[in-house]
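Participant: Take a look at this one; I'll ask things after.
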Amino acid sequence: DRGLMWFRRDLRAEDNAALCQALTQCRQVWCVFVFDTAILQPLLDRGLTADRRVEFIHESLIDLDEQLRALGRSHGTEGVGLIVRHGAAVKVIPRLAAALGAQAVFANHDDDPYARRRDAQVLGALAHAGAVLQTYKDHVVFERHEVLTGFGRPFTVFTPYKNAWLKALTDEHLRAHPVERHGDALAPCPPDHPPGVPALEALGFARTNLRELRVRTGTRGARALLEDFLTRIEHYHQARDYPAVKGPSYLSVHLRFGTISVRALVSTALALHRQGMAGATAWLNELIWREFYHQILANFPHVGEGKVFKPEYDAIRWERGKHAQALFAAWCEGRTGYPLVDAAMHQLNQTGYMHNRLRMVTASFLTKDLGLDWRWGEQYFADHLIDFDLAANNGGWQWAASSGCDAQPYFRIFNPVTQSEKFDPQGKFIRRYLPVLAKLPTPALHAPWQADAAVRAAAGVTLGRDYPMPIVDHAEARARTLERYAVVRRER
Ligand code: FAD
C-alpha cells in the first residue's frame with residue numbers, strides 16, 4: 001500500500017497515467033525525480049556545462065513540486081512535494097523505495113534504448129528487495145505494437161500508419177487520467193527525505209540564456225503556449241513553413257518533457273479538425289508523425305543506436321578526414337556561405353530551437369551538399385536542441401539522408417538557394433540571425449556571391465571578410481551526391 005512515483009519525461013501532476021495509477025493503487029504515495037548522473041556526467045565530461053535542457057527540467061521541477069504541494073493541500077495534507085535526487089537512477093530508485101518502504105515504483109514508459117536498459121536494471125534491483133516496477137503508456141496515444149498492419153507488423157510508411165492510427169482512435173484513448181481526484185493518497189515527505197529542488201549549480205551546471213529567451217517552462221508555460229497557439233492554429237497549414245513567421249506551436253520541448261499531456265493536445269486538434277479547420281488537420285498530422293517515429297524507435301531500436309533503417313545505405317562512403325572536419329565545423333558554426341543554412345544554425349546555437357523547415361534544409365545540406373555522415377549532424381542536434389527527442393531527431397535525420405523509413409528519395413536534393421527564396425522570401429529570418437547581411441537587397445540575400453560586387457559594397461559586405469564565400473558549389477555537390485548514393489542502387 002506504499003508507492004513511489006518516479007517522474008522522468010512526464011513532468012506534470014495532471015493527466016499522468018503512472019501518477020494516477022500510483023494514487024489509486026496505494027494508500028501512501030511519494031514522488032521523486034532523479035537527475036541521473038548516467039545522462040548528465042557524459043555532458044559534463046565533454047565540457048557541456050551549460051545545457052538549456054537541464055535548466056528547462058530544473059525550472060519545470062520547481063513547477064511540478066508546487067503542483068504536488070497544492071494537490072496535497074487541496075486534500076488536506078501538508079508537507080507533500082517532490083523529492084529530488086542527484087545520482088545514478090539505477091541505484092537511487094531502489095534505495096529510496098526501500099527507505100520509504102514502498103513495495104511498488106510507478107513510472108511511465110520511455111522507449112529510448114538507454115531508458116529501457118535502465119528500467120530493466122531497476123526492475124531487477126527492486127525484485128531483489130521484493131518490490132516491483134509498474135510502467136504505463138503516457139507519452140504517446142498509441143505505442144509499441146498498438147497500431148499494426150493487417151499482417152501484424154509495424155508500419156514503416158507514414159500515410160497508412162496515420163490512417164490506421166485515426167481508425168483505431170476512440171474517446172477512451174484520449175480520456176484524461178483524473179489525478180486530482182485521488183490526491184488524498186499523496187503522503188507528506190519524511191524529514192530524512194525532504195521535498196524541494198536543489199540549485200542548478202549543485203548539479204554542476206551553469207545557467208544558460210533560457211530566461212532571456214523567455215522560454216516558458218513547466219505546465220504553466222505549456223498552457224500559455226497552447227493558449228497562444230490556439231489563436232493562430234487556423235493558419236498553421238499556411239504559416240508553418242515560413243521560419244520568419246510565428247506559425248508552429250513551439251510545444252515540442254513540452255511534449256519532450258511531458259509538461260503537457262499529448263492526449264489533451266490531440267483532443268484539442270481533433271475537435272477542431274472535425275469542425276473542418278485545415279490548420280488543425282495539419283497540426284494533428286504532425287502529432288501523428290511524432291507517434292510514427294516513436295513506434296519506429298520502439299519496434300526497430302537499432303535506429304536509435306547509430307544504425308541505418310535501410311541496411312543498403314550502409315554502403316555509402318561519407319567524406320572523412322581533415323577537410324570533412326573543416327566542412328562540419330563550418331556547418332555547426334553557421335559559416336557555410338549559404339545564408340539560410342547559416343541563419344538556421346545560428347538560431348539553433350543561440351536559442352536551442354530550430355524551425356522544422358530549417359531542420360530539413362540544414363540536414364539535407366549536411367548530407368547532400370557536404371557529403372557528411374548524417375550521424376554527425378544527428379549528434380550535433382542532440383547536443384543543442386532543447387526539444388531533442390531521439391525518436392523524432394533520428395527519424396528526421398534518416399529522412400533527410402534517405403536511409404530512413406518513408407524517407408526523402410535520395411535523388412531529391414534541396415537547393416539551399418531556392419529553399420531560401422521560397423520560404424524566407426523577404427529575407428526576414430536571414431536578417432534576424434545574420435545582421436551582417438541585413439543591408440543587402442533581398443534578391444542578393446539568398447545568394448550573396450551571385451550579386452553584383454557593387455551591390456555588396458553598398459551594403460557593406462565583403463565576401464571572405466564579413467561573410468564567407470560558399471564552401472561548396474551546390475551543382476557540383478549535387479552531382480557528387482548522386483554518384484555517392486549510386487551504390488545504394490547496386491546494393492539492392
Ligand atoms: P509544431 O509544428 O507545432 O508541431 C507540433 C508537434 O508535433 C511538435 O511539437 C512535435 O512534437 C511534433 N512534430 C512536428 N513535426 C514532427 C516531425 N517531423 N517528426 C516528429 N514529430 C513532429 N522534433 C522533436 O521534437 N525533437 C527533435 O529532436 C527533432 N529533431 C528533428 C531533426 C530533423 C533533422 C528534422 C527534419 C525534424 C526534427 N524534429 C524534431 C521534428 C520537428 O522539426 C519539430 O518537432 C518541430 O520543429 C518542433 O516545433 P513545434 O513544436 O513548434 O512544432
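Convention: chains lettered A, B, ... in C-alpha cells order; per-chain residue numbering from 1; ligands numbered from 1 as shown.
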May I have the residues within 6 Å of ligand 1, computed using only C-alpha atoms and all ligand atoms, as a PyMOL selection string?
Facilitator: chain A and resi 248-252+255+286-287+289-290+355-356+359-360+363+387-389+392-393+396-397
Participant: Kindly save the residues from that selection, with N, CA and C atoms included, as a short mmCIF file (atom, residue, chain, number, x, y, z; two decimals), in the first residue's frame.
Facilitator:
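Output below, filename out-v8.cif:
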```
data_model
loop_
_atom_site.label_atom_id
_atom_site.label_comp_id
_atom_site.auth_asym_id
_atom_site.auth_seq_id
_atom_site.Cartn_x
_atom_site.Cartn_y
_atom_site.Cartn_z
N PRO A 248 4.29 27.73 -36.01
CA PRO A 248 4.06 26.49 -35.26
C PRO A 248 3.74 26.76 -33.79
N SER A 249 3.59 25.68 -33.04
CA SER A 249 3.14 25.82 -31.65
C SER A 249 4.28 26.07 -30.66
N TYR A 250 5.49 25.68 -31.01
CA TYR A 250 6.66 25.72 -30.11
C TYR A 250 6.45 24.84 -28.87
N LEU A 251 5.61 23.82 -29.01
CA LEU A 251 5.33 22.95 -27.86
C LEU A 251 6.25 21.74 -27.77
N SER A 252 7.16 21.59 -28.75
CA SER A 252 7.95 20.35 -28.79
C SER A 252 8.70 20.06 -27.50
N LEU A 255 6.30 18.64 -25.05
CA LEU A 255 5.97 17.24 -25.34
C LEU A 255 7.13 16.35 -24.94
N GLU A 286 1.02 16.35 -37.73
CA GLU A 286 2.38 16.41 -37.15
C GLU A 286 2.44 15.62 -35.84
N LEU A 287 1.37 15.71 -35.07
CA LEU A 287 1.37 14.94 -33.81
C LEU A 287 1.40 13.44 -34.12
N TRP A 289 2.91 12.20 -36.83
CA TRP A 289 4.31 11.94 -37.22
C TRP A 289 5.15 11.62 -35.97
N ARG A 290 4.89 12.36 -34.93
CA ARG A 290 5.62 12.12 -33.68
C ARG A 290 5.38 10.69 -33.20
N HIS A 355 13.50 25.90 -36.53
CA HIS A 355 12.24 25.72 -37.23
C HIS A 355 12.28 24.43 -38.06
N ASN A 356 11.15 23.75 -38.15
CA ASN A 356 11.11 22.46 -38.85
C ASN A 356 11.63 22.54 -40.29
N ARG A 359 15.27 22.59 -40.16
CA ARG A 359 15.90 21.31 -39.79
C ARG A 359 16.05 20.47 -41.05
N MET A 360 15.04 20.52 -41.92
CA MET A 360 15.12 19.74 -43.16
C MET A 360 16.20 20.30 -44.07
N ALA A 363 19.76 19.68 -42.57
CA ALA A 363 20.11 18.25 -42.58
C ALA A 363 20.42 17.81 -44.00
N ASP A 387 14.51 20.58 -27.55
CA ASP A 387 13.44 19.59 -27.67
C ASP A 387 13.98 18.26 -28.16
N PHE A 388 15.30 18.04 -28.02
CA PHE A 388 15.89 16.82 -28.56
C PHE A 388 15.12 15.58 -28.10
N ASP A 389 14.71 14.83 -29.10
CA ASP A 389 13.96 13.61 -28.84
C ASP A 389 14.55 12.56 -29.78
N ALA A 392 12.25 11.38 -32.80
CA ALA A 392 11.97 12.38 -33.84
C ALA A 392 13.24 12.85 -34.52
N ASN A 393 14.30 13.01 -33.76
CA ASN A 393 15.55 13.51 -34.33
C ASN A 393 16.15 12.48 -35.28
N GLY A 396 14.01 12.31 -38.35
CA GLY A 396 14.25 13.46 -39.21
C GLY A 396 15.57 13.35 -39.97
N TRP A 397 16.60 12.92 -39.29
CA TRP A 397 17.92 12.81 -39.94
C TRP A 397 17.95 11.70 -40.98
#
```
Participant: Find the spatial neighbours of A:Val455, counting only C-alpha atoms, within a cut-off of 9 Å - ignore same-chain residues fewer than 4 positions away - and output them as a PyMOL selection string.
Facilitator: chain A and resi 440-441+444+451+459-461
Participant: Find the spatial neighbours of stretch 199-210 of chain A, counting only C-alpha atoms, within a cut-off of 8 Å - ignore same-chain residues fewer than 6 positions away - and output them as a PyMOL selection string.
Facilitator: chain A and resi 44+49-52+54-56+58+86+351
Participant: Suppose we keep C-alpha atoms; can you now write the selection as an mmCIF file, in the first residue's frame?
Facilitator:
```cif
data_model
loop_
_atom_site.group_PDB
_atom_site.id
_atom_site.type_symbol
_atom_site.label_atom_id
_atom_site.label_comp_id
_atom_site.auth_asym_id
_atom_site.auth_seq_id
_atom_site.Cartn_x
_atom_site.Cartn_y
_atom_site.Cartn_z
ATOM 1 C CA LEU A 44 29.935 17.452 -18.055
ATOM 2 C CA THR A 49 28.206 22.612 -18.541
ATOM 3 C CA ALA A 50 25.515 24.971 -19.768
ATOM 4 C CA ASP A 51 22.618 22.959 -21.132
ATOM 5 C CA ARG A 52 19.234 24.501 -21.775
ATOM 6 C CA VAL A 54 18.923 20.694 -17.771
ATOM 7 C CA GLU A 55 17.748 24.194 -16.936
ATOM 8 C CA PHE A 56 14.355 23.567 -18.534
ATOM 9 C CA HIS A 58 15.147 22.251 -13.350
ATOM 10 C CA HIS A 86 21.170 13.561 -7.952
ATOM 11 C CA THR A 351 18.203 29.513 -28.830
#
```
Participant: Among stretch 238-425 of chain A, which residues carry a DSSP assignment of helix (DSSP H, G or I), reported as a VMD selection string?
Facilitator: chain A and resid 238 to 239 252 to 257 262 to 274 278 to 299 301 to 305 311 to 315 321 to 332 339 to 351 356 to 369 374 to 384 390 to 401 416 to 423
Participant: Please dump the current selection as a short mmCIF file (atom, residue, chain, number, x, y, z; two decimals), in the first residue's frame; keep C-alpha atoms.
Facilitator:
```
data_model
loop_
_atom_site.label_atom_id
_atom_site.label_comp_id
_atom_site.auth_asym_id
_atom_site.auth_seq_id
_atom_site.Cartn_x
_atom_site.Cartn_y
_atom_site.Cartn_z
CA GLN A 238 -0.10 28.03 -44.35
CA ALA A 239 2.21 29.58 -41.80
CA SER A 252 7.95 20.35 -28.79
CA VAL A 253 10.03 20.85 -25.66
CA HIS A 254 6.89 20.45 -23.55
CA LEU A 255 5.97 17.24 -25.34
CA ARG A 256 9.52 16.06 -24.84
CA PHE A 257 9.46 16.53 -21.09
CA VAL A 262 -0.34 14.60 -25.53
CA ARG A 263 -3.91 13.38 -25.01
CA ALA A 264 -5.02 16.93 -24.27
CA LEU A 265 -3.30 18.21 -27.42
CA VAL A 266 -4.71 15.50 -29.67
CA SER A 267 -8.22 16.08 -28.23
CA THR A 268 -7.96 19.77 -28.98
CA ALA A 269 -6.65 19.19 -32.51
CA LEU A 270 -9.23 16.52 -33.23
CA ALA A 271 -12.18 18.64 -32.16
CA LEU A 272 -11.09 21.47 -34.48
CA HIS A 273 -10.24 19.03 -37.27
CA ARG A 274 -13.77 17.64 -37.05
CA ALA A 278 -7.48 22.91 -42.15
CA GLY A 279 -4.84 24.23 -39.74
CA ALA A 280 -5.92 21.78 -37.06
CA THR A 281 -5.86 18.89 -39.54
CA ALA A 282 -2.29 19.76 -40.49
CA TRP A 283 -1.24 20.04 -36.86
CA LEU A 284 -2.86 16.72 -35.94
CA ASN A 285 -0.86 15.24 -38.80
CA GLU A 286 2.38 16.41 -37.15
CA LEU A 287 1.37 14.94 -33.81
CA ILE A 288 0.83 11.64 -35.63
CA TRP A 289 4.31 11.94 -37.22
CA ARG A 290 5.62 12.12 -33.68
CA GLU A 291 3.80 8.91 -32.80
CA PHE A 292 5.00 7.29 -36.03
CA TYR A 293 8.67 7.88 -35.15
CA HIS A 294 8.11 6.72 -31.59
CA GLN A 295 6.75 3.38 -32.75
CA ILE A 296 9.63 3.10 -35.23
CA LEU A 297 12.13 3.52 -32.40
CA ALA A 298 10.24 1.07 -30.18
CA ASN A 299 9.99 -1.58 -32.88
CA PRO A 301 15.55 0.05 -31.65
CA HIS A 302 18.71 -0.30 -33.75
CA VAL A 303 17.91 3.07 -35.40
CA GLY A 304 18.46 4.71 -32.02
CA GLU A 305 21.94 3.25 -31.77
CA PRO A 311 20.78 -1.54 -44.47
CA GLU A 312 21.69 -0.93 -48.13
CA TYR A 313 22.51 2.67 -47.12
CA ASP A 314 25.43 1.32 -45.11
CA ALA A 315 27.31 1.09 -48.39
CA GLY A 321 39.41 13.42 -42.81
CA LYS A 322 40.58 16.94 -42.17
CA HIS A 323 38.65 18.61 -44.97
CA ALA A 324 35.43 16.89 -43.88
CA GLN A 325 36.06 18.07 -40.31
CA ALA A 326 36.51 21.63 -41.55
CA LEU A 327 33.27 21.47 -43.53
CA PHE A 328 31.50 20.13 -40.46
CA ALA A 329 32.84 22.92 -38.26
CA ALA A 330 31.61 25.48 -40.79
CA TRP A 331 28.15 23.89 -40.78
CA CYS A 332 28.00 23.82 -36.96
CA PRO A 339 22.63 32.39 -45.70
CA LEU A 340 19.53 30.32 -44.95
CA VAL A 341 21.66 27.41 -43.69
CA ASP A 342 23.85 29.72 -41.63
CA ALA A 343 20.92 31.67 -40.17
CA ALA A 344 19.30 28.36 -39.19
CA MET A 345 22.43 27.17 -37.41
CA HIS A 346 22.66 30.50 -35.58
CA GLN A 347 19.06 30.04 -34.48
CA LEU A 348 19.94 26.61 -33.10
CA ASN A 349 23.13 27.78 -31.38
CA GLN A 350 21.57 30.91 -29.89
CA THR A 351 18.20 29.51 -28.83
CA ASN A 356 11.11 22.46 -38.85
CA ARG A 357 11.67 23.66 -42.42
CA LEU A 358 15.21 24.62 -41.49
CA ARG A 359 15.90 21.31 -39.79
CA MET A 360 15.12 19.74 -43.16
CA VAL A 361 17.23 22.26 -45.06
CA THR A 362 20.29 22.05 -42.80
CA ALA A 363 20.11 18.25 -42.58
CA SER A 364 19.89 17.97 -46.33
CA PHE A 365 22.78 20.40 -46.68
CA LEU A 366 25.00 18.39 -44.33
CA THR A 367 24.37 15.06 -46.03
CA LYS A 368 23.83 16.02 -49.65
CA ASP A 369 25.83 19.22 -50.14
CA TRP A 374 24.12 12.16 -41.07
CA ARG A 375 25.15 10.81 -37.66
CA TRP A 376 27.44 13.82 -37.19
CA GLY A 377 24.52 16.16 -37.68
CA GLU A 378 22.23 14.00 -35.58
CA GLN A 379 24.70 14.22 -32.69
CA TYR A 380 25.07 17.98 -33.06
CA PHE A 381 21.29 18.41 -32.96
CA ALA A 382 21.13 16.01 -30.00
CA ASP A 383 23.58 18.20 -28.12
CA HIS A 384 21.92 21.51 -28.93
CA LEU A 390 15.77 10.51 -30.03
CA ALA A 391 12.80 9.14 -31.99
CA ALA A 392 11.97 12.38 -33.84
CA ASN A 393 15.55 13.51 -34.33
CA ASN A 394 16.71 10.20 -35.70
CA GLY A 395 13.59 9.98 -37.85
CA GLY A 396 14.25 13.46 -39.21
CA TRP A 397 17.92 12.81 -39.94
CA GLN A 398 17.35 9.48 -41.60
CA TRP A 399 14.55 11.08 -43.60
CA ALA A 400 16.95 13.74 -44.85
CA ALA A 401 19.73 11.23 -45.52
CA PRO A 416 19.53 25.82 -50.41
CA VAL A 417 19.06 28.96 -52.52
CA THR A 418 15.63 28.10 -53.87
CA GLN A 419 14.55 26.96 -50.41
CA SER A 420 15.64 30.37 -49.16
CA GLU A 421 13.75 32.26 -51.87
CA LYS A 422 10.64 30.20 -51.29
CA PHE A 423 10.48 30.04 -47.51
#
```
Participant: Of the candidates A:Leu126, A:Leu226, A:Leu169, A:Leu186, which one gets nearest to A:Leu23 if we count only C-alpha atoms?
Facilitator: A:Leu186
Participant: Please list as a PyMOL selection string every residue within 10 Å of A:Gly258, counting only C-alpha atoms and excluding residues in the same chain fewer than 2 positions away.
Facilitator: chain A and resi 7-12+16+60+138-139+218-219+222+252-256+260-262
Participant: Could the residues in this selection be saved with N, CA and C atoms as a PDB file, in the first residue's frame?
Facilitator:
```pdb
ATOM      1  N   PHE A   7       9.096  10.251 -11.636  1.00  0.00           N
ATOM      2  CA  PHE A   7       8.886  11.111 -12.817  1.00  0.00           C
ATOM      3  C   PHE A   7      10.122  11.075 -13.710  1.00  0.00           C
ATOM      4  N   ARG A   8       9.916  11.046 -15.022  1.00  0.00           N
ATOM      5  CA  ARG A   8      11.044  11.080 -15.964  1.00  0.00           C
ATOM      6  C   ARG A   8      10.760  12.070 -17.090  1.00  0.00           C
ATOM      7  N   ARG A   9      10.003  11.632 -18.111  1.00  0.00           N
ATOM      8  CA  ARG A   9       9.685  12.575 -19.183  1.00  0.00           C
ATOM      9  C   ARG A   9       8.191  12.904 -19.145  1.00  0.00           C
ATOM     10  N   ASP A  10       7.681  13.114 -17.971  1.00  0.00           N
ATOM     11  CA  ASP A  10       6.244  13.303 -17.741  1.00  0.00           C
ATOM     12  C   ASP A  10       6.058  14.278 -16.579  1.00  0.00           C
ATOM     13  N   LEU A  11       6.694  15.453 -16.692  1.00  0.00           N
ATOM     14  CA  LEU A  11       6.815  16.358 -15.545  1.00  0.00           C
ATOM     15  C   LEU A  11       5.546  17.176 -15.297  1.00  0.00           C
ATOM     16  N   ARG A  12       4.482  16.482 -14.984  1.00  0.00           N
ATOM     17  CA  ARG A  12       3.225  17.184 -14.665  1.00  0.00           C
ATOM     18  C   ARG A  12       2.408  16.354 -13.680  1.00  0.00           C
ATOM     19  N   ASN A  16      -1.710  12.253 -15.790  1.00  0.00           N
ATOM     20  CA  ASN A  16      -0.461  11.493 -15.827  1.00  0.00           C
ATOM     21  C   ASN A  16      -0.788  10.034 -15.466  1.00  0.00           C
ATOM     22  N   SER A  60      11.122  23.312 -14.560  1.00  0.00           N
ATOM     23  CA  SER A  60       9.847  22.588 -14.614  1.00  0.00           C
ATOM     24  C   SER A  60       9.624  21.778 -13.344  1.00  0.00           C
ATOM     25  N   ASP A 138       2.040   6.667 -21.521  1.00  0.00           N
ATOM     26  CA  ASP A 138       1.623   8.028 -21.197  1.00  0.00           C
ATOM     27  C   ASP A 138       2.088   9.031 -22.249  1.00  0.00           C
ATOM     28  N   HIS A 139       3.243   8.754 -22.840  1.00  0.00           N
ATOM     29  CA  HIS A 139       3.931   9.743 -23.664  1.00  0.00           C
ATOM     30  C   HIS A 139       3.338   9.875 -25.066  1.00  0.00           C
ATOM     31  N   GLY A 218       7.655  24.381 -17.514  1.00  0.00           N
ATOM     32  CA  GLY A 218       6.630  23.798 -16.650  1.00  0.00           C
ATOM     33  C   GLY A 218       5.254  23.747 -17.293  1.00  0.00           C
ATOM     34  N   THR A 219       4.321  23.192 -16.544  1.00  0.00           N
ATOM     35  CA  THR A 219       2.950  23.073 -17.047  1.00  0.00           C
ATOM     36  C   THR A 219       2.342  24.442 -17.339  1.00  0.00           C
ATOM     37  N   ALA A 222       3.595  25.591 -20.630  1.00  0.00           N
ATOM     38  CA  ALA A 222       2.985  24.840 -21.736  1.00  0.00           C
ATOM     39  C   ALA A 222       1.577  25.349 -22.010  1.00  0.00           C
ATOM     40  N   SER A 252       7.159  21.585 -28.749  1.00  0.00           N
ATOM     41  CA  SER A 252       7.954  20.349 -28.794  1.00  0.00           C
ATOM     42  C   SER A 252       8.699  20.065 -27.498  1.00  0.00           C
ATOM     43  N   VAL A 253       9.273  21.102 -26.897  1.00  0.00           N
ATOM     44  CA  VAL A 253      10.031  20.854 -25.662  1.00  0.00           C
ATOM     45  C   VAL A 253       9.091  20.375 -24.546  1.00  0.00           C
ATOM     46  N   HIS A 254       7.868  20.858 -24.573  1.00  0.00           N
ATOM     47  CA  HIS A 254       6.895  20.445 -23.551  1.00  0.00           C
ATOM     48  C   HIS A 254       6.426  19.005 -23.793  1.00  0.00           C
ATOM     49  N   LEU A 255       6.304  18.642 -25.053  1.00  0.00           N
ATOM     50  CA  LEU A 255       5.966  17.242 -25.342  1.00  0.00           C
ATOM     51  C   LEU A 255       7.134  16.350 -24.944  1.00  0.00           C
ATOM     52  N   ARG A 256       8.324  16.854 -25.171  1.00  0.00           N
ATOM     53  CA  ARG A 256       9.517  16.065 -24.841  1.00  0.00           C
ATOM     54  C   ARG A 256       9.580  15.744 -23.343  1.00  0.00           C
ATOM     55  N   ILE A 260       3.133  18.872 -20.786  1.00  0.00           N
ATOM     56  CA  ILE A 260       1.745  18.931 -21.257  1.00  0.00           C
ATOM     57  C   ILE A 260       1.375  17.525 -21.705  1.00  0.00           C
ATOM     58  N   SER A 261       0.094  17.204 -21.602  1.00  0.00           N
ATOM     59  CA  SER A 261      -0.349  15.856 -21.965  1.00  0.00           C
ATOM     60  C   SER A 261      -0.631  15.780 -23.455  1.00  0.00           C
ATOM     61  N   VAL A 262      -0.100  14.749 -24.096  1.00  0.00           N
ATOM     62  CA  VAL A 262      -0.344  14.602 -25.531  1.00  0.00           C
ATOM     63  C   VAL A 262      -1.821  14.317 -25.785  1.00  0.00           C
TER      64      VAL A 262
END
```
